[in-house]
$ cat protein_23.csv   # CSV, C-alpha atoms
chain,number,residue,atom,x,y,z
A,337,LEU,CA,12.3,28.0,21.9
A,338,ALA,CA,9.2,30.1,21.4
A,339,LEU,CA,8.0,29.3,25.0
A,340,ALA,CA,11.4,30.2,26.4
A,341,ALA,CA,11.3,33.5,24.5
A,342,TYR,CA,7.8,34.2,25.7
A,343,ALA,CA,8.8,33.6,29.3
A,344,GLU,CA,11.6,36.2,28.9
A,345,GLU,CA,9.2,38.6,27.0
A,346,ASN,CA,11.6,38.5,24.1
A,347,TRP,CA,8.9,39.2,21.6
A,348,ASP,CA,11.1,39.4,18.5
A,349,GLU,CA,12.6,36.0,19.2
A,350,TYR,CA,9.1,34.6,20.0
A,351,ILE,CA,7.7,35.9,16.8
A,352,SER,CA,10.6,34.5,14.8
A,353,ASN,CA,10.1,31.0,16.2
A,354,MET,CA,6.3,31.1,15.9
A,355,GLN,CA,6.6,32.1,12.2
A,356,ILE,CA,8.6,28.9,11.7
A,357,ILE,CA,5.8,26.9,13.3
A,358,ALA,CA,3.3,28.8,11.1
A,359,SER,CA,5.1,27.6,7.9
A,360,LEU,CA,5.0,24.0,9.2
A,361,GLU,CA,1.3,24.2,10.3
A,362,PRO,CA,-0.4,26.5,7.8
A,363,ASP,CA,-3.9,25.3,8.8
A,364,ALA,CA,-3.5,26.1,12.6
A,365,ALA,CA,-5.4,29.3,13.3
A,366,ASP,CA,-4.0,29.6,16.8
A,367,VAL,CA,-0.5,30.2,15.5
A,368,PRO,CA,-1.1,33.6,13.8
A,369,TYR,CA,-3.3,34.5,16.7
A,370,LEU,CA,-0.4,34.0,19.1
A,371,ILE,CA,1.9,36.0,16.8
A,372,GLY,CA,-0.7,38.7,16.9
A,373,ASP,CA,-0.6,38.7,20.7
A,374,ALA,CA,3.2,39.1,20.6
A,375,TYR,CA,2.9,42.2,18.3
A,376,ARG,CA,0.2,43.6,20.6
A,377,PHE,CA,2.6,43.1,23.6
A,378,LYS,CA,5.2,45.1,21.6
A,379,GLY,CA,2.6,47.9,21.1
A,380,ASP,CA,2.4,47.3,17.4
A,381,ALA,CA,-1.4,47.4,16.8
A,382,ASP,CA,-1.3,47.3,13.0
A,383,SER,CA,0.8,44.1,12.8
A,384,ALA,CA,-1.3,42.6,15.6
A,385,LEU,CA,-4.5,43.3,13.5
A,386,ASP,CA,-2.9,41.7,10.4
A,387,PHE,CA,-2.2,38.4,12.2
A,388,TYR,CA,-5.5,38.2,14.0
A,389,ASN,CA,-7.2,38.6,10.6
A,390,GLU,CA,-4.8,36.0,9.2
A,391,ALA,CA,-6.1,33.6,11.9
A,392,LEU,CA,-9.7,34.3,10.8
A,393,LYS,CA,-8.7,33.6,7.1
A,394,ILE,CA,-7.7,30.1,8.3
A,395,ASN,CA,-10.8,29.6,10.4
A,396,GLU,CA,-13.5,32.3,10.5
A,397,ASP,CA,-15.0,30.6,13.6
A,398,PHE,CA,-11.9,30.9,15.7
A,399,GLY,CA,-13.4,33.0,18.6
A,400,PRO,CA,-10.1,34.1,20.3
A,401,ALA,CA,-9.1,36.0,17.1
A,402,TYR,CA,-12.2,38.3,17.6
A,403,LEU,CA,-10.9,39.1,21.1
A,404,GLY,CA,-7.5,39.8,19.6
A,405,LEU,CA,-9.1,42.2,17.2
A,406,ALA,CA,-10.9,44.0,20.0
A,407,ARG,CA,-7.7,44.3,22.0
A,408,ALA,CA,-5.6,45.6,19.1
A,409,ARG,CA,-8.3,48.1,18.1
A,410,LEU,CA,-8.4,49.4,21.7
A,411,LEU,CA,-4.6,49.6,21.7
A,412,ASP,CA,-4.8,51.8,18.6
A,413,ASN,CA,-7.7,53.8,19.9
A,414,PRO,CA,-8.8,53.4,23.5
A,415,LYS,CA,-12.2,55.0,22.6
A,416,ALA,CA,-13.0,52.4,19.8
A,417,ASN,CA,-16.3,50.7,19.9
A,418,VAL,CA,-15.6,47.0,19.9
A,419,ASP,CA,-18.9,45.6,21.4
A,420,ASN,CA,-19.6,43.5,18.3
A,421,LEU,CA,-16.1,41.9,18.4
A,422,PHE,CA,-16.7,40.8,22.0
A,423,GLU,CA,-20.1,39.5,21.1
A,424,GLN,CA,-18.7,37.5,18.2
A,425,ALA,CA,-15.9,36.0,20.4
A,426,ILE,CA,-18.5,34.9,23.0
A,427,GLU,CA,-20.9,33.5,20.5
A,428,LEU,CA,-18.1,31.3,19.0
A,429,ASP,CA,-16.3,30.4,22.2
A,430,PRO,CA,-18.6,31.1,25.2
A,431,ASP,CA,-16.2,29.3,27.7
A,432,PHE,CA,-13.2,31.5,26.8
A,433,GLY,CA,-12.9,33.4,30.1
A,434,GLU,CA,-10.5,36.0,28.9
A,435,VAL,CA,-13.2,37.5,26.7
A,436,TYR,CA,-15.3,38.3,29.8
A,437,LEU,CA,-12.3,39.7,31.6
A,438,GLU,CA,-11.4,42.0,28.7
A,439,ARG,CA,-14.9,43.1,28.2
A,440,ALA,CA,-15.1,43.9,32.0
A,441,ARG,CA,-12.1,46.2,31.6
A,442,TYR,CA,-13.7,47.8,28.5
A,443,ASN,CA,-17.0,48.4,30.5
A,444,ILE,CA,-15.1,50.0,33.4
A,445,ASN,CA,-13.4,52.4,30.9
A,446,ASN,CA,-16.7,53.2,29.4
A,447,ASN,CA,-18.3,54.0,32.8
A,448,ASP,CA,-20.4,50.9,33.1
A,449,PRO,CA,-18.9,49.1,36.2
A,450,GLU,CA,-22.2,47.2,36.9
A,451,ALA,CA,-21.9,45.4,33.5
A,452,ALA,CA,-18.2,44.8,34.4
A,453,ILE,CA,-19.2,43.0,37.6
A,454,VAL,CA,-21.5,40.7,35.6
A,455,ASP,CA,-18.7,39.8,33.2
A,456,LEU,CA,-16.2,39.3,36.0
A,457,ASP,CA,-18.6,36.9,37.7
A,458,ARG,CA,-18.5,34.8,34.5
A,459,ALA,CA,-14.7,35.2,34.2
A,460,ASP,CA,-14.3,34.0,37.8
A,461,ARG,CA,-16.2,30.8,37.1
A,462,LEU,CA,-14.2,30.1,33.9
A,463,ILE,CA,-10.7,31.3,35.2
A,464,PRO,CA,-10.9,30.4,38.9
A,465,ASN,CA,-8.3,31.9,41.3
A,466,SER,CA,-7.1,34.4,38.8
A,467,PRO,CA,-5.4,37.4,40.4
A,468,THR,CA,-6.1,39.5,37.3
A,469,VAL,CA,-9.8,38.9,37.7
A,470,TYR,CA,-9.7,40.1,41.3
A,471,MET,CA,-7.6,43.1,40.3
A,472,THR,CA,-10.3,44.0,37.8
A,473,TYR,CA,-13.0,43.4,40.4
A,474,ALA,CA,-11.2,46.0,42.6
A,475,ASP,CA,-11.2,48.5,39.7
A,476,ALA,CA,-14.9,47.9,39.1
A,477,TYR,CA,-15.8,48.4,42.8
A,478,LEU,CA,-13.7,51.5,42.9
A,479,ALA,CA,-15.7,52.9,40.0
A,480,LEU,CA,-18.8,52.1,42.1
A,481,ASP,CA,-17.2,53.9,45.1
A,482,ASP,CA,-17.4,50.7,47.0
A,483,LYS,CA,-14.0,50.9,48.7
A,484,LYS,CA,-14.6,48.1,51.1
A,485,SER,CA,-15.3,45.5,48.3
A,486,ALA,CA,-12.4,47.0,46.3
A,487,LEU,CA,-10.0,46.4,49.1
A,488,GLU,CA,-11.3,42.8,49.7
A,489,ALA,CA,-10.8,42.1,46.0
A,490,ALA,CA,-7.3,43.6,45.9
A,491,GLU,CA,-6.3,41.6,49.0
A,492,MET,CA,-7.6,38.4,47.3
A,493,ALA,CA,-5.5,39.2,44.3
A,494,TYR,CA,-2.5,39.6,46.6
A,495,SER,CA,-3.1,36.3,48.3
A,496,LEU,CA,-3.2,34.6,44.9
A,497,ASP,CA,0.0,36.2,43.5
A,498,ILE,CA,2.4,38.1,45.7
A,499,THR,CA,4.7,38.8,42.8
A,500,ASN,CA,2.2,41.0,40.9
A,501,LEU,CA,3.5,44.5,41.3
A,502,ASP,CA,0.3,46.1,40.2
A,503,VAL,CA,-1.4,44.6,43.3
A,504,TYR,CA,1.0,46.6,45.6
A,505,LYS,CA,0.2,49.8,43.8
A,506,LEU,CA,-3.6,49.2,44.0
A,507,LEU,CA,-3.3,48.2,47.7
A,508,GLY,CA,-1.4,51.4,48.4
A,509,LYS,CA,-4.1,53.5,46.8
A,510,LEU,CA,-6.9,51.7,48.7
A,511,HIS,CA,-5.1,51.9,52.1
A,512,ILE,CA,-4.7,55.6,51.6
A,513,GLU,CA,-8.4,55.9,50.9
A,514,SER,CA,-9.1,54.1,54.1
A,515,GLY,CA,-6.6,56.1,56.1
A,516,GLU,CA,-4.3,53.2,56.8
A,517,TYR,CA,-1.2,55.1,55.8
A,518,GLU,CA,1.5,52.8,57.2
A,519,ARG,CA,0.0,49.9,55.3
A,520,ALA,CA,-0.1,52.0,52.2
A,521,ILE,CA,3.6,52.9,52.6
A,522,GLU,CA,4.5,49.3,53.1
A,523,ALA,CA,2.8,48.3,49.8
A,524,LEU,CA,4.0,51.2,47.8
A,525,ASP,CA,7.6,50.8,48.9
A,526,VAL,CA,7.6,47.3,47.5
A,527,TYR,CA,6.3,48.6,44.1
A,528,ALA,CA,8.8,51.5,44.0
A,529,VAL,CA,11.8,49.2,44.5
A,530,TYR,CA,11.1,47.6,41.1
A,531,GLU,CA,9.2,50.4,39.2
A,532,THR,CA,11.5,53.4,39.7
A,533,GLU,CA,10.1,55.5,36.9
A,534,ASP,CA,6.4,55.6,38.1
A,535,ASP,CA,5.9,59.2,39.2
A,536,GLN,CA,2.4,58.4,40.4
A,537,VAL,CA,3.6,56.0,43.0
A,538,PHE,CA,6.1,58.5,44.4
A,539,GLY,CA,3.2,61.0,44.6
A,540,LEU,CA,1.1,58.4,46.5
A,541,LEU,CA,4.0,57.7,48.9
A,542,GLY,CA,4.3,61.4,49.5
A,543,GLN,CA,0.6,61.6,50.2
A,544,ALA,CA,0.8,58.6,52.6
A,545,TYR,CA,3.7,60.1,54.5
$ encode --input "protein_23.csv" --output "structure tokens"
Amino acid sequence: LALAAYAEENWDEYISNMQIIASLEPDAADVPYLIGDAYRFKGDADSALDFYNEALKINEDFGPAYLGLARARLLDNPKANVDNLFEQAIELDPDFGEVYLERARYNINNNDPEAAIVDLDRADRLIPNSPTVYMTYADAYLALDDKKSALEAAEMAYSLDITNLDVYKLLGKLHIESGEYERAIEALDVYAVYETEDDQVFGLLGQAY
């Protein structure tokens, strides 16, 4: 039931079922961690922090919970310094690829795309063929003003998951940058069909036309 609710992004239903599991498995640190993730997806940073900390009360060496704390703190304050939380997560679980991916995004937002590329190389080894990793590569290369590599990364993300709408938006931006306006319109039109309230995309379409 929880998995079905997760697939439908019905976070209240997911949390309700996971809390039943938590009562049956009180020593499982991953259960409150996953509940924390659901609250984060809802945009409730405070509740997410509470459940990530609950996971650490059960097992202080549960590395993913430190990643959860970093994500929740950034949700609450995008300028928060969470370097130590990423380091703790990696120290405890060095093969958890999502930590490197999230730290790459953090480094891009903090104007350190070179460090982001290093983390993305690690994430790519641990989470092979991840469209999200290649999307983040594209963001990092854009920050480095390497538009050719950014486009190659975005096209790789597209080849791995043609259902990811964010890929179409990114491809639209990159095709505009390279002067390929018809290809930009083609990509942005797909995005705009499903995301009708994104004013930036309509601005990009206008620019491409």
$ residues_around --input "protein_23.csv" --residues "Ile512 in chain A" --least-positions-apart "3" --cutoff "12 Å" --atoms "all atoms listed in the file" --output "number ranges by chain"
A: 483, 487, 505-509, 515-524, 537, 539-545
$ residues_near_point --input "protein_23.csv" --point "(-20.7, 42.3, 18.8)" --cutoff "12 Å" --atoms "only C-alpha atoms" --output "PyMOL selection string"
chain A and resi 399+402-403+405-406+417-428+435+439
$ atom_distance --input "protein_23.csv" --atom1 "CA of Asp431 in chain A" --atom2 "CA of Leu410 in chain A"
22.4 Å
$ atom_distance --input "protein_23.csv" --atom1 "CA of Tyr436 in chain A" --atom2 "CA of Ala452 in chain A"
8.5 Å
$ atom_distance --input "protein_23.csv" --atom1 "CA of Met471 in chain A" --atom2 "CA of Asp455 in chain A"
13.6 Å
$ residues_around --input "protein_23.csv" --residues "Ala474 in chain A" --least-positions-apart "2" --cutoff "8 Å" --atoms "only C-alpha atoms" --output "number ranges by chain"
A: 470-472, 476-478, 485-490
$ closest_residue --input "protein_23.csv" --among "A:Leu480, A:Leu337, A:Met492, A:Ala440" --to "Arg458 in chain A" --atoms "only C-alpha atoms"
A:Ala440
$ closest_residue --input "protein_23.csv" --among "A:Ala358, A:Leu496, A:Ile453, A:Ala381" --to "Arg407 in chain A" --atoms "all atoms listed in the file"
A:Ala381
$ closest_residue --input "protein_23.csv" --among "A:Asp525, A:Tyr350, A:Ser514, A:Pro414" --to "Asn446 in chain A" --atoms "all atoms listed in the file"
A:Pro414
$ closest_residue --input "protein_23.csv" --among "A:Leu437, A:Ala338, A:Ala374, A:Ala528" --to "Ile357 in chain A" --atoms "all atoms listed in the file"
A:Ala338
$ closest_residue --input "protein_23.csv" --among "A:Ile371, A:Leu501, A:Val529, A:Ala391" --to "Asp348 in chain A" --atoms "all atoms listed in the file"
A:Ile371
$ closest_residue --input "protein_23.csv" --among "A:Ala343, A:Ala364, A:Ala408, A:Ala451" --to "Leu385 in chain A" --atoms "all atoms listed in the file"
A:Ala408
$ residues_around --input "protein_23.csv" --residues "Leu370 in chain A" --least-positions-apart "6" --cutoff "9 Å" --atoms "only C-alpha atoms" --output "ChimeraX atom specification"
/A:351,354,387-388
$ write_last_selection --input "protein_23.csv" --atoms "C-alpha atoms" --output "compact mmCIF listing (two decimals), keeping the file's coordinate frame"
# COMPACT_ATOMS: atom_id res chain seq x y z
CA ILE A 351 7.70 35.90 16.80
CA MET A 354 6.30 31.10 15.90
CA PHE A 387 -2.20 38.40 12.20
CA TYR A 388 -5.50 38.20 14.00
$ residues_near_point --input "protein_23.csv" --point "(-5.5, 32.6, 42.5)" --cutoff "10 Å" --atoms "only C-alpha atoms" --output "PyMOL selection string"
chain A and resi 463-470+492-497
